[in-house]
Amino acid sequence: MNDLIRIKGKRKLKGEVTVSSCKNSAVAILPAVVLASEVVKLYDVPEIEDVKVLIKLLNLLNIDVRVSDDELTIDPTNIANVDLLDEDVMKLRASYYFMGALLGRFRHVKMYSPGGCNLGPRPIDLHLKGFEALGATITQEGNVIEISAEELKGDDIYLDFASVGATINIMLAACFARGRTTIENAAKEPEIIDISSMLNKMGAQIRGAGTSEITINGVTRLKGCIHDIIPDRIEAGTYIIAAAACGEDVTVNNVIPQHIEALTSKLEEMGVRLEQGSDYVRVFESEDLKPIDIITQPFPGFATDLQQPLTALLTKVDGDSHVEETIYLERFKHCAELNKMGADIEVAPGKSTIHGGKQLHGTDIFATDLRCGASLIIAGLMAEGETVIHNAYHIYRGYDSIVEKLRAIGAEIK
Ligand code: EPU
């Protein structure tokens with residue numbers, strides 16, 4: 001795959017763009033299929049690199065995956081609990097969902113530690129504590145984690161932080177635990193509701209997903225199901241921000257507006273003119289935008305995944321805007337790249353101040369992680385001249401056909 005994205009900026013975006021299914025749901029749902037004893041059919045799975053890697057890992061477990069048009073048919077009937085000691089495991093964060101799923105199904109899993117975007121420290125202690133509470137024993141040697149249990153037994157688990165990954169992983173492991181598991185201070189992201197509704201279609205007994213208390217009553221078998229993954233709220237947010245930055249009139253379709261209220265209300269506070277329907281957000285060209293302050297929070301707060309794209313837009317807004325990052329204190333690598341383009345952003349631990357009102361200029365810049373890449377694409381669309389984004393593979397990990405989608409609404413990008 002070509003690893004450069006080239007953008008000639010200052011083109012007006014106009015038209016309609018359709019959001020794909022949610023990456024962070026898909027990357028949990030694929031490992032969750034390990035729990036099923038029958039075929040699972042998924043529709044509109046996003047065509048992103050993380051999904052391709054997870055399909056390879058399913059294949060290693062002898063799970064058959066067939067792709068036809070918008071349908072993915074996954075057959076786990078001949079599953080084998082092979083050790084996942086393959087370098088693909090380290091290519092993404094979400095491979096950690098095989099821990100909960102294989103532990104649940106086989107009471108044993110041995111695999112490499114997960115990789116993923118470098119956003120500073122990303123421990124998985126809460127996942128492991130959850131597995132231990134269910135009765136598992138964990139050994140770690142270098143990069144290899146082995147988790148085993150004679151028996152999994154439901155327990156009350158309090159999460160010190162409402163972690164998305166730990167909530168989902170404990171849900172996966174607890175489906176087959178004897179008795180009742182309660183997750184207190186559970187994460188409330190829409191992806192958690194999506195995964196729990198898929199597991200419930202398979203016969204799981206999960207209640208409370210989307211609230212801070214989730215209960216799982218263990219069952220002994222899960223069947224197959226058909227599932228449509230929810231739209232990707234971060235992809236939607238990315239296009240809405242791009243449209244606010246360079247749009248004349250852009251409609252973003254396949255959106256659940258309630259999932260991105262924290263973003264749309266901030267954009268309205270800035271003066272961006274929006275029209276919201278039941279499944280779309282239309283963005284009109286807006287003048288005289290005002291600076292804003294945002295603090296990233298777990299859902300329904302402002303998503304950490306959108307602070308990087310939003311920062312690109314804020315570089316052009318007169319005055320000082322402030323970003324406080326409470327989830328990943330080091331998620332600011334995009335700022336150095338934006339500064340190379342003429343932005344004036346100061347970064348302090350956990351914070352950035354964007355001295356706005358700057359015209360960005362195209363140059364060579366580097367995507368350091370997925371949402372940094374999205375931020376740089378938006379910056380490239382806003383910039384004078386040509387922007388060349390290196391290490392674009394980070395972007396393809398999570399955005400389905402982003403180059404084609406932007407080109408279709410008028411961007412000069414290849
Ligand atoms: N944390 C711990 N211990 C743990 C787990 C998390 O200290 O055991 C801390 C993390 O270090 C972080 C905070 O808790 O400071 C939040 O982490 P969380 O577990 O909620 O994040 P995650 O599950 O690893 C998912 C998404 C991220 C998204 C975050 C927050 C996936 C595969 N990843 O990560 O998505 O930023 O939730 O919403 O679902 C992205 O899409 O670009 C991305 C990074």
# chains A, B, ... in the order shown; residues from 1 in each chain; ligands from 1
>>> closest_atom_pairs(of="chain A", to="ligand 1", cutoff="9 Å", atoms="only C-alpha atoms and all ligand atoms", output="CSV")
residue,atom,partner,partner_atom_place_in_ligand_line,distance
A:Lys23,CA,ligand 1,41 (O),7.2
A:Asn24,CA,ligand 1,39 (O),4.2
A:Ser25,CA,ligand 1,39 (O),7.0
A:Ala26,CA,ligand 1,39 (O),9.0
A:Val27,CA,ligand 1,32 (C),6.4
A:Ala28,CA,ligand 1,32 (C),7.3
A:Leu92,CA,ligand 1,32 (C),7.9
A:Arg93,CA,ligand 1,32 (C),5.6
A:Ala94,CA,ligand 1,32 (C),4.6
A:Ser95,CA,ligand 1,32 (C),8.4
A:Tyr96,CA,ligand 1,32 (C),8.8
A:Tyr97,CA,ligand 1,32 (C),8.9
A:Gly116,CA,ligand 1,44 (C),7.8
A:Cys117,CA,ligand 1,44 (C),6.4
A:Asn118,CA,ligand 1,44 (C),8.8
A:Leu119,CA,ligand 1,44 (C),7.6
A:Gly120,CA,ligand 1,11 (O),7.9
A:Pro121,CA,ligand 1,11 (O),5.8
A:Arg122,CA,ligand 1,11 (O),3.9
A:Pro123,CA,ligand 1,3 (N),4.6
A:Ile124,CA,ligand 1,8 (O),3.2
A:Asp125,CA,ligand 1,8 (O),3.9
A:Leu126,CA,ligand 1,8 (O),3.5
A:His127,CA,ligand 1,8 (O),5.0
A:Leu128,CA,ligand 1,8 (O),7.1
A:Lys129,CA,ligand 1,8 (O),8.1
A:Leu159,CA,ligand 1,8 (O),8.8
A:Asp160,CA,ligand 1,7 (O),8.3
A:Phe161,CA,ligand 1,14 (O),5.9
A:Ala162,CA,ligand 1,20 (O),6.3
A:Ser163,CA,ligand 1,20 (O),3.4
A:Val164,CA,ligand 1,20 (O),3.8
A:Gly165,CA,ligand 1,23 (O),3.3
A:Ala166,CA,ligand 1,19 (O),5.8
A:Thr167,CA,ligand 1,19 (O),8.0
A:Ile168,CA,ligand 1,23 (O),8.2
A:Ala187,CA,ligand 1,20 (O),7.2
A:Glu189,CA,ligand 1,38 (O),7.5
A:Glu191,CA,ligand 1,39 (O),7.9
A:Ile234,CA,ligand 1,41 (O),7.5
A:Gln297,CA,ligand 1,38 (O),8.2
A:Pro298,CA,ligand 1,38 (O),6.2
A:Phe299,CA,ligand 1,38 (O),7.4
A:Ala303,CA,ligand 1,38 (O),6.3
A:Thr304,CA,ligand 1,36 (O),5.7
A:Asp305,CA,ligand 1,36 (O),5.1
A:Leu306,CA,ligand 1,42 (O),8.6
A:Thr326,CA,ligand 1,15 (O),7.4
A:Ile327,CA,ligand 1,15 (O),4.4
A:Tyr328,CA,ligand 1,15 (O),4.9
A:Leu329,CA,ligand 1,15 (O),7.4
A:Asp369,CA,ligand 1,42 (O),7.7
A:Leu370,CA,ligand 1,42 (O),5.6
A:Arg371,CA,ligand 1,42 (O),5.5
A:Cys372,CA,ligand 1,42 (O),8.7
A:Gly398,CA,ligand 1,41 (O),7.0
>>> residues_around(residues="Leu376 (chain A)", least_positions_apart="6", cutoff="12 Å", atoms="only C-alpha atoms", output="PyMOL selection string")
chain A and resi 5-7+9+238+242+308-313+315+333-341+343+360-370+382-383+387-392+394-395
>>> closest_residue(among="A:Ile74, A:Glu285, A:Ile240, A:Val250", to="Thr264 (chain A)", atoms="only C-alpha atoms")
A:Ile240
>>> residues_around(residues="region 347-354 of chain A", least_positions_apart="3", cutoff="7 Å", atoms="only C-alpha atoms", output="NGL selection string")
:A and (314-315 or 320-326 or 329-330 or 344)
>>> residues_around(residues="region 280-282 of chain A", least_positions_apart="4", cutoff="9 Å", atoms="only C-alpha atoms", output="JSON, numbers by chain")
{"A": [16, 236, 240, 243, 249, 250, 251, 252, 253, 254, 255, 256, 257, 273, 274, 275, 276]}
>>> write_last_selection(atoms="N, CA, C and O atoms", output="compact mmCIF listing (two decimals), in the first residue's frame")
# COMPACT_ATOMS: atom_id res chain seq x y z
N GLU A 16 -22.09 14.95 -0.38
CA GLU A 16 -22.50 14.03 0.70
C GLU A 16 -21.43 12.97 0.92
O GLU A 16 -20.83 12.48 -0.03
N ALA A 236 -17.52 9.93 11.73
CA ALA A 236 -18.52 10.98 11.48
C ALA A 236 -17.98 12.32 11.95
O ALA A 236 -18.01 13.33 11.22
N ILE A 240 -17.25 15.81 9.89
CA ILE A 240 -17.96 17.05 10.29
C ILE A 240 -16.94 18.15 10.56
O ILE A 240 -17.12 19.31 10.14
N ALA A 243 -15.55 19.36 7.32
CA ALA A 243 -16.52 20.22 6.63
C ALA A 243 -16.57 21.60 7.28
O ALA A 243 -16.69 22.62 6.60
N ASP A 249 -20.91 23.19 1.78
CA ASP A 249 -22.19 22.58 2.20
C ASP A 249 -21.99 21.07 2.11
O ASP A 249 -21.99 20.50 1.02
N VAL A 250 -21.79 20.44 3.25
CA VAL A 250 -21.48 19.00 3.27
C VAL A 250 -22.48 18.29 4.18
O VAL A 250 -22.71 18.72 5.31
N THR A 251 -23.06 17.20 3.66
CA THR A 251 -23.94 16.38 4.49
C THR A 251 -23.22 15.08 4.83
O THR A 251 -22.74 14.38 3.94
N VAL A 252 -23.13 14.80 6.12
CA VAL A 252 -22.50 13.56 6.58
C VAL A 252 -23.62 12.60 6.94
O VAL A 252 -24.40 12.86 7.87
N ASN A 253 -23.73 11.49 6.18
CA ASN A 253 -24.83 10.54 6.35
C ASN A 253 -24.40 9.33 7.18
O ASN A 253 -23.21 9.06 7.32
N ASN A 254 -25.40 8.59 7.64
CA ASN A 254 -25.19 7.41 8.50
C ASN A 254 -24.51 7.82 9.81
O ASN A 254 -23.46 7.30 10.19
N VAL A 255 -25.17 8.75 10.46
CA VAL A 255 -24.67 9.28 11.73
C VAL A 255 -25.77 9.06 12.78
O VAL A 255 -26.95 9.19 12.48
N ILE A 256 -25.37 8.73 14.00
CA ILE A 256 -26.33 8.77 15.12
C ILE A 256 -25.99 10.05 15.89
O ILE A 256 -25.00 10.09 16.63
N PRO A 257 -26.77 11.13 15.66
CA PRO A 257 -26.37 12.43 16.21
C PRO A 257 -26.17 12.42 17.73
O PRO A 257 -25.28 13.11 18.23
N ARG A 273 -22.39 26.45 11.62
CA ARG A 273 -23.82 26.27 11.35
C ARG A 273 -24.07 24.81 10.95
O ARG A 273 -23.49 24.32 9.98
N LEU A 274 -24.92 24.15 11.74
CA LEU A 274 -25.20 22.73 11.52
C LEU A 274 -26.70 22.51 11.41
O LEU A 274 -27.47 23.21 12.06
N GLU A 275 -27.07 21.49 10.63
CA GLU A 275 -28.47 21.03 10.64
C GLU A 275 -28.40 19.53 10.95
O GLU A 275 -27.62 18.80 10.33
N GLN A 276 -29.18 19.09 11.93
CA GLN A 276 -29.10 17.68 12.31
C GLN A 276 -30.42 16.99 12.04
O GLN A 276 -31.48 17.47 12.46
>>> closest_residue(among="A:Gly356, A:Pro300, A:Pro31, A:Gly247", to="Leu13 (chain A)", atoms="only C-alpha atoms")
A:Gly247
>>> select_by_dssp(residues="region 260-369 of chain A", states="alpha helix (DSSP H)", output="PyMOL selection string")
chain A and resi 261-270+304-314+333-340
>>> atom_distance(atom1="CA of Tyr393 (chain A)", atom2="CA of Ala411 (chain A)")
19.6 Å
>>> select_by_dssp(residues="region 40-252 of chain A", states="strand (DSSP E or B)", output="PyMOL selection string")
chain A and resi 40-43+64-68+71-75+84+108-112+137-141+144-148+153+156-158+178+180-184+205-207+209+211+213-217+222+225-228+231+247-252
>>> closest_residue(among="A:Gly237, A:Gly115, A:Gly100, A:Gly210", to="Asp50 (chain A)", atoms="only C-alpha atoms")
A:Gly115
>>> residues_around(residues="Ala177 (chain A)", least_positions_apart="4", cutoff="12 Å", atoms="only C-alpha atoms", output="PDB file with N, CA, C and O atoms, in the first residue's frame")
ATOM      1  N   GLY A 100     -10.154 -12.014  26.649  1.00  0.00           N
ATOM      2  CA  GLY A 100     -11.442 -12.263  27.295  1.00  0.00           C
ATOM      3  C   GLY A 100     -12.217 -13.365  26.576  1.00  0.00           C
ATOM      4  O   GLY A 100     -12.802 -14.243  27.216  1.00  0.00           O
ATOM      5  N   ALA A 101     -12.196 -13.329  25.243  1.00  0.00           N
ATOM      6  CA  ALA A 101     -13.011 -14.276  24.473  1.00  0.00           C
ATOM      7  C   ALA A 101     -12.464 -15.704  24.608  1.00  0.00           C
ATOM      8  O   ALA A 101     -13.222 -16.642  24.885  1.00  0.00           O
ATOM      9  N   LEU A 103     -10.369 -16.850  26.949  1.00  0.00           N
ATOM     10  CA  LEU A 103     -10.467 -17.255  28.355  1.00  0.00           C
ATOM     11  C   LEU A 103     -11.887 -17.741  28.642  1.00  0.00           C
ATOM     12  O   LEU A 103     -12.087 -18.783  29.275  1.00  0.00           O
ATOM     13  N   GLY A 104     -12.875 -16.993  28.173  1.00  0.00           N
ATOM     14  CA  GLY A 104     -14.262 -17.374  28.390  1.00  0.00           C
ATOM     15  C   GLY A 104     -14.569 -18.734  27.771  1.00  0.00           C
ATOM     16  O   GLY A 104     -15.133 -19.617  28.415  1.00  0.00           O
ATOM     17  N   ARG A 105     -14.154 -18.919  26.542  1.00  0.00           N
ATOM     18  CA  ARG A 105     -14.527 -20.133  25.817  1.00  0.00           C
ATOM     19  C   ARG A 105     -13.732 -21.358  26.267  1.00  0.00           C
ATOM     20  O   ARG A 105     -14.263 -22.450  26.390  1.00  0.00           O
ATOM     21  N   PHE A 106     -12.397 -21.164  26.464  1.00  0.00           N
ATOM     22  CA  PHE A 106     -11.525 -22.334  26.703  1.00  0.00           C
ATOM     23  C   PHE A 106     -10.872 -22.358  28.082  1.00  0.00           C
ATOM     24  O   PHE A 106     -10.105 -23.251  28.378  1.00  0.00           O
ATOM     25  N   ARG A 107     -11.089 -21.305  28.883  1.00  0.00           N
ATOM     26  CA  ARG A 107     -10.437 -21.191  30.199  1.00  0.00           C
ATOM     27  C   ARG A 107      -8.925 -21.044  30.077  1.00  0.00           C
ATOM     28  O   ARG A 107      -8.194 -21.204  31.050  1.00  0.00           O
ATOM     29  N   PHE A 131     -10.096 -10.339  35.037  1.00  0.00           N
ATOM     30  CA  PHE A 131      -9.990 -11.788  34.787  1.00  0.00           C
ATOM     31  C   PHE A 131      -9.660 -12.520  36.094  1.00  0.00           C
ATOM     32  O   PHE A 131     -10.203 -13.584  36.372  1.00  0.00           O
ATOM     33  N   ALA A 133     -10.425 -11.585  39.097  1.00  0.00           N
ATOM     34  CA  ALA A 133     -11.619 -11.620  39.955  1.00  0.00           C
ATOM     35  C   ALA A 133     -12.558 -12.758  39.537  1.00  0.00           C
ATOM     36  O   ALA A 133     -13.282 -13.313  40.357  1.00  0.00           O
ATOM     37  N   LEU A 134     -12.523 -13.114  38.253  1.00  0.00           N
ATOM     38  CA  LEU A 134     -13.379 -14.213  37.775  1.00  0.00           C
ATOM     39  C   LEU A 134     -12.738 -15.577  38.041  1.00  0.00           C
ATOM     40  O   LEU A 134     -13.312 -16.616  37.703  1.00  0.00           O
ATOM     41  N   GLY A 135     -11.523 -15.568  38.587  1.00  0.00           N
ATOM     42  CA  GLY A 135     -10.888 -16.844  38.965  1.00  0.00           C
ATOM     43  C   GLY A 135      -9.672 -17.215  38.142  1.00  0.00           C
ATOM     44  O   GLY A 135      -9.145 -18.322  38.291  1.00  0.00           O
ATOM     45  N   ALA A 136      -9.206 -16.322  37.277  1.00  0.00           N
ATOM     46  CA  ALA A 136      -8.083 -16.672  36.403  1.00  0.00           C
ATOM     47  C   ALA A 136      -6.736 -16.394  37.080  1.00  0.00           C
ATOM     48  O   ALA A 136      -6.638 -15.549  37.969  1.00  0.00           O
ATOM     49  N   ALA A 149      -7.750 -20.584  33.867  1.00  0.00           N
ATOM     50  CA  ALA A 149      -8.659 -20.733  35.008  1.00  0.00           C
ATOM     51  C   ALA A 149      -9.179 -22.171  35.019  1.00  0.00           C
ATOM     52  O   ALA A 149      -9.468 -22.732  33.965  1.00  0.00           O
ATOM     53  N   GLU A 150      -9.267 -22.751  36.217  1.00  0.00           N
ATOM     54  CA  GLU A 150      -9.944 -24.055  36.352  1.00  0.00           C
ATOM     55  C   GLU A 150     -11.407 -23.850  36.012  1.00  0.00           C
ATOM     56  O   GLU A 150     -12.027 -24.625  35.312  1.00  0.00           O
ATOM     57  N   GLU A 151     -11.910 -22.759  36.597  1.00  0.00           N
ATOM     58  CA  GLU A 151     -13.333 -22.454  36.439  1.00  0.00           C
ATOM     59  C   GLU A 151     -13.469 -20.926  36.513  1.00  0.00           C
ATOM     60  O   GLU A 151     -12.722 -20.280  37.249  1.00  0.00           O
ATOM     61  N   LEU A 152     -14.409 -20.352  35.745  1.00  0.00           N
ATOM     62  CA  LEU A 152     -14.676 -18.912  35.883  1.00  0.00           C
ATOM     63  C   LEU A 152     -15.955 -18.750  36.695  1.00  0.00           C
ATOM     64  O   LEU A 152     -16.966 -19.413  36.415  1.00  0.00           O
ATOM     65  N   LYS A 153     -15.878 -17.859  37.673  1.00  0.00           N
ATOM     66  CA  LYS A 153     -17.021 -17.691  38.574  1.00  0.00           C
ATOM     67  C   LYS A 153     -17.349 -16.204  38.664  1.00  0.00           C
ATOM     68  O   LYS A 153     -16.426 -15.386  38.835  1.00  0.00           O
ATOM     69  N   GLY A 154     -18.607 -15.853  38.512  1.00  0.00           N
ATOM     70  CA  GLY A 154     -19.029 -14.449  38.540  1.00  0.00           C
ATOM     71  C   GLY A 154     -18.614 -13.745  39.820  1.00  0.00           C
ATOM     72  O   GLY A 154     -18.508 -14.374  40.870  1.00  0.00           O
ATOM     73  N   ASP A 155     -18.372 -12.432  39.716  1.00  0.00           N
ATOM     74  CA  ASP A 155     -17.946 -11.662  40.896  1.00  0.00           C
ATOM     75  C   ASP A 155     -18.375 -10.209  40.676  1.00  0.00           C
ATOM     76  O   ASP A 155     -18.776  -9.825  39.570  1.00  0.00           O
ATOM     77  N   ILE A 170     -14.046  -7.881  30.093  1.00  0.00           N
ATOM     78  CA  ILE A 170     -14.648  -8.595  31.226  1.00  0.00           C
ATOM     79  C   ILE A 170     -16.017  -9.148  30.808  1.00  0.00           C
ATOM     80  O   ILE A 170     -16.387 -10.272  31.148  1.00  0.00           O
ATOM     81  N   MET A 171     -16.767  -8.350  30.015  1.00  0.00           N
ATOM     82  CA  MET A 171     -18.058  -8.859  29.504  1.00  0.00           C
ATOM     83  C   MET A 171     -17.850 -10.158  28.723  1.00  0.00           C
ATOM     84  O   MET A 171     -18.596 -11.125  28.891  1.00  0.00           O
ATOM     85  N   LEU A 172     -16.810 -10.175  27.872  1.00  0.00           N
ATOM     86  CA  LEU A 172     -16.571 -11.363  27.037  1.00  0.00           C
ATOM     87  C   LEU A 172     -16.263 -12.571  27.911  1.00  0.00           C
ATOM     88  O   LEU A 172     -16.833 -13.645  27.732  1.00  0.00           O
ATOM     89  N   ALA A 173     -15.349 -12.380  28.880  1.00  0.00           N
ATOM     90  CA  ALA A 173     -14.949 -13.517  29.719  1.00  0.00           C
ATOM     91  C   ALA A 173     -16.114 -13.974  30.590  1.00  0.00           C
ATOM     92  O   ALA A 173     -16.282 -15.169  30.847  1.00  0.00           O
ATOM     93  N   THR A 181     -21.934 -11.792  37.212  1.00  0.00           N
ATOM     94  CA  THR A 181     -20.819 -10.833  37.291  1.00  0.00           C
ATOM     95  C   THR A 181     -21.412  -9.433  37.225  1.00  0.00           C
ATOM     96  O   THR A 181     -22.311  -9.173  36.417  1.00  0.00           O
ATOM     97  N   THR A 182     -20.902  -8.547  38.071  1.00  0.00           N
ATOM     98  CA  THR A 182     -21.331  -7.143  37.985  1.00  0.00           C
ATOM     99  C   THR A 182     -20.099  -6.286  37.731  1.00  0.00           C
ATOM    100  O   THR A 182     -19.092  -6.434  38.436  1.00  0.00           O
ATOM    101  N   ALA A 204     -26.396 -14.486  25.165  1.00  0.00           N
ATOM    102  CA  ALA A 204     -25.826 -14.027  26.439  1.00  0.00           C
ATOM    103  C   ALA A 204     -26.893 -13.296  27.239  1.00  0.00           C
ATOM    104  O   ALA A 204     -27.940 -12.907  26.692  1.00  0.00           O
ATOM    105  N   GLN A 205     -26.602 -13.133  28.528  1.00  0.00           N
ATOM    106  CA  GLN A 205     -27.571 -12.415  29.388  1.00  0.00           C
ATOM    107  C   GLN A 205     -26.866 -11.236  30.027  1.00  0.00           C
ATOM    108  O   GLN A 205     -26.357 -11.323  31.145  1.00  0.00           O
ATOM    109  N   THR A 215     -24.539  -6.025  34.368  1.00  0.00           N
ATOM    110  CA  THR A 215     -24.546  -7.369  34.970  1.00  0.00           C
ATOM    111  C   THR A 215     -24.587  -8.415  33.866  1.00  0.00           C
ATOM    112  O   THR A 215     -25.240  -8.231  32.828  1.00  0.00           O
ATOM    113  N   ILE A 216     -23.848  -9.480  34.128  1.00  0.00           N
ATOM    114  CA  ILE A 216     -23.772 -10.578  33.157  1.00  0.00           C
ATOM    115  C   ILE A 216     -24.106 -11.858  33.904  1.00  0.00           C
ATOM    116  O   ILE A 216     -23.412 -12.216  34.864  1.00  0.00           O
ATOM    117  N   ASN A 217     -25.189 -12.509  33.499  1.00  0.00           N
ATOM    118  CA  ASN A 217     -25.493 -13.824  34.079  1.00  0.00           C
ATOM    119  C   ASN A 217     -24.910 -14.877  33.146  1.00  0.00           C
ATOM    120  O   ASN A 217     -25.221 -14.899  31.949  1.00  0.00           O
ATOM    121  N   GLY A 218     -24.062 -15.722  33.688  1.00  0.00           N
ATOM    122  CA  GLY A 218     -23.332 -16.684  32.849  1.00  0.00           C
ATOM    123  C   GLY A 218     -24.260 -17.685  32.183  1.00  0.00           C
ATOM    124  O   GLY A 218     -25.305 -18.051  32.730  1.00  0.00           O
ATOM    125  N   VAL A 219     -23.887 -18.103  30.977  1.00  0.00           N
ATOM    126  CA  VAL A 219     -24.618 -19.144  30.246  1.00  0.00           C
ATOM    127  C   VAL A 219     -23.592 -20.219  29.852  1.00  0.00           C
ATOM    128  O   VAL A 219     -22.388 -20.041  30.073  1.00  0.00           O
ATOM    129  N   THR A 220     -24.050 -21.313  29.270  1.00  0.00           N
ATOM    130  CA  THR A 220     -23.091 -22.386  28.951  1.00  0.00           C
ATOM    131  C   THR A 220     -22.804 -22.494  27.453  1.00  0.00           C
ATOM    132  O   THR A 220     -21.889 -23.189  27.035  1.00  0.00           O
ATOM    133  N   ARG A 221     -23.612 -21.816  26.651  1.00  0.00           N
ATOM    134  CA  ARG A 221     -23.380 -21.917  25.198  1.00  0.00           C
ATOM    135  C   ARG A 221     -23.886 -20.650  24.541  1.00  0.00           C
ATOM    136  O   ARG A 221     -24.882 -20.075  24.981  1.00  0.00           O
TER     137      ARG A 221
END
>>> closest_residue(among="A:Val144, A:Ile79, A:Val67, A:Ile214", to="Tyr158 (chain A)", atoms="only C-alpha atoms")
A:Ile214
>>> residues_around(residues="Ser265 (chain A)", least_positions_apart="6", cutoff="10 Å", atoms="only C-alpha atoms", output="list of chain:residue names")
A:Gly271, A:Val272, A:Leu274, A:Phe302
>>> write_last_selection(atoms="C-alpha atoms", output="PDB file, in the first residue's frame")
ATOM      1  CA  GLY A 271     -20.368  29.370  15.492  1.00  0.00           C
ATOM      2  CA  VAL A 272     -20.411  26.479  12.997  1.00  0.00           C
ATOM      3  CA  LEU A 274     -25.200  22.726  11.522  1.00  0.00           C
ATOM      4  CA  PHE A 302     -15.893  15.018  24.533  1.00  0.00           C
TER       5      PHE A 302
END
>>> closest_residue(among="A:Val51, A:Val65, A:Asn143, A:Ser278", to="Leu84 (chain A)", atoms="only C-alpha atoms")
A:Asn143
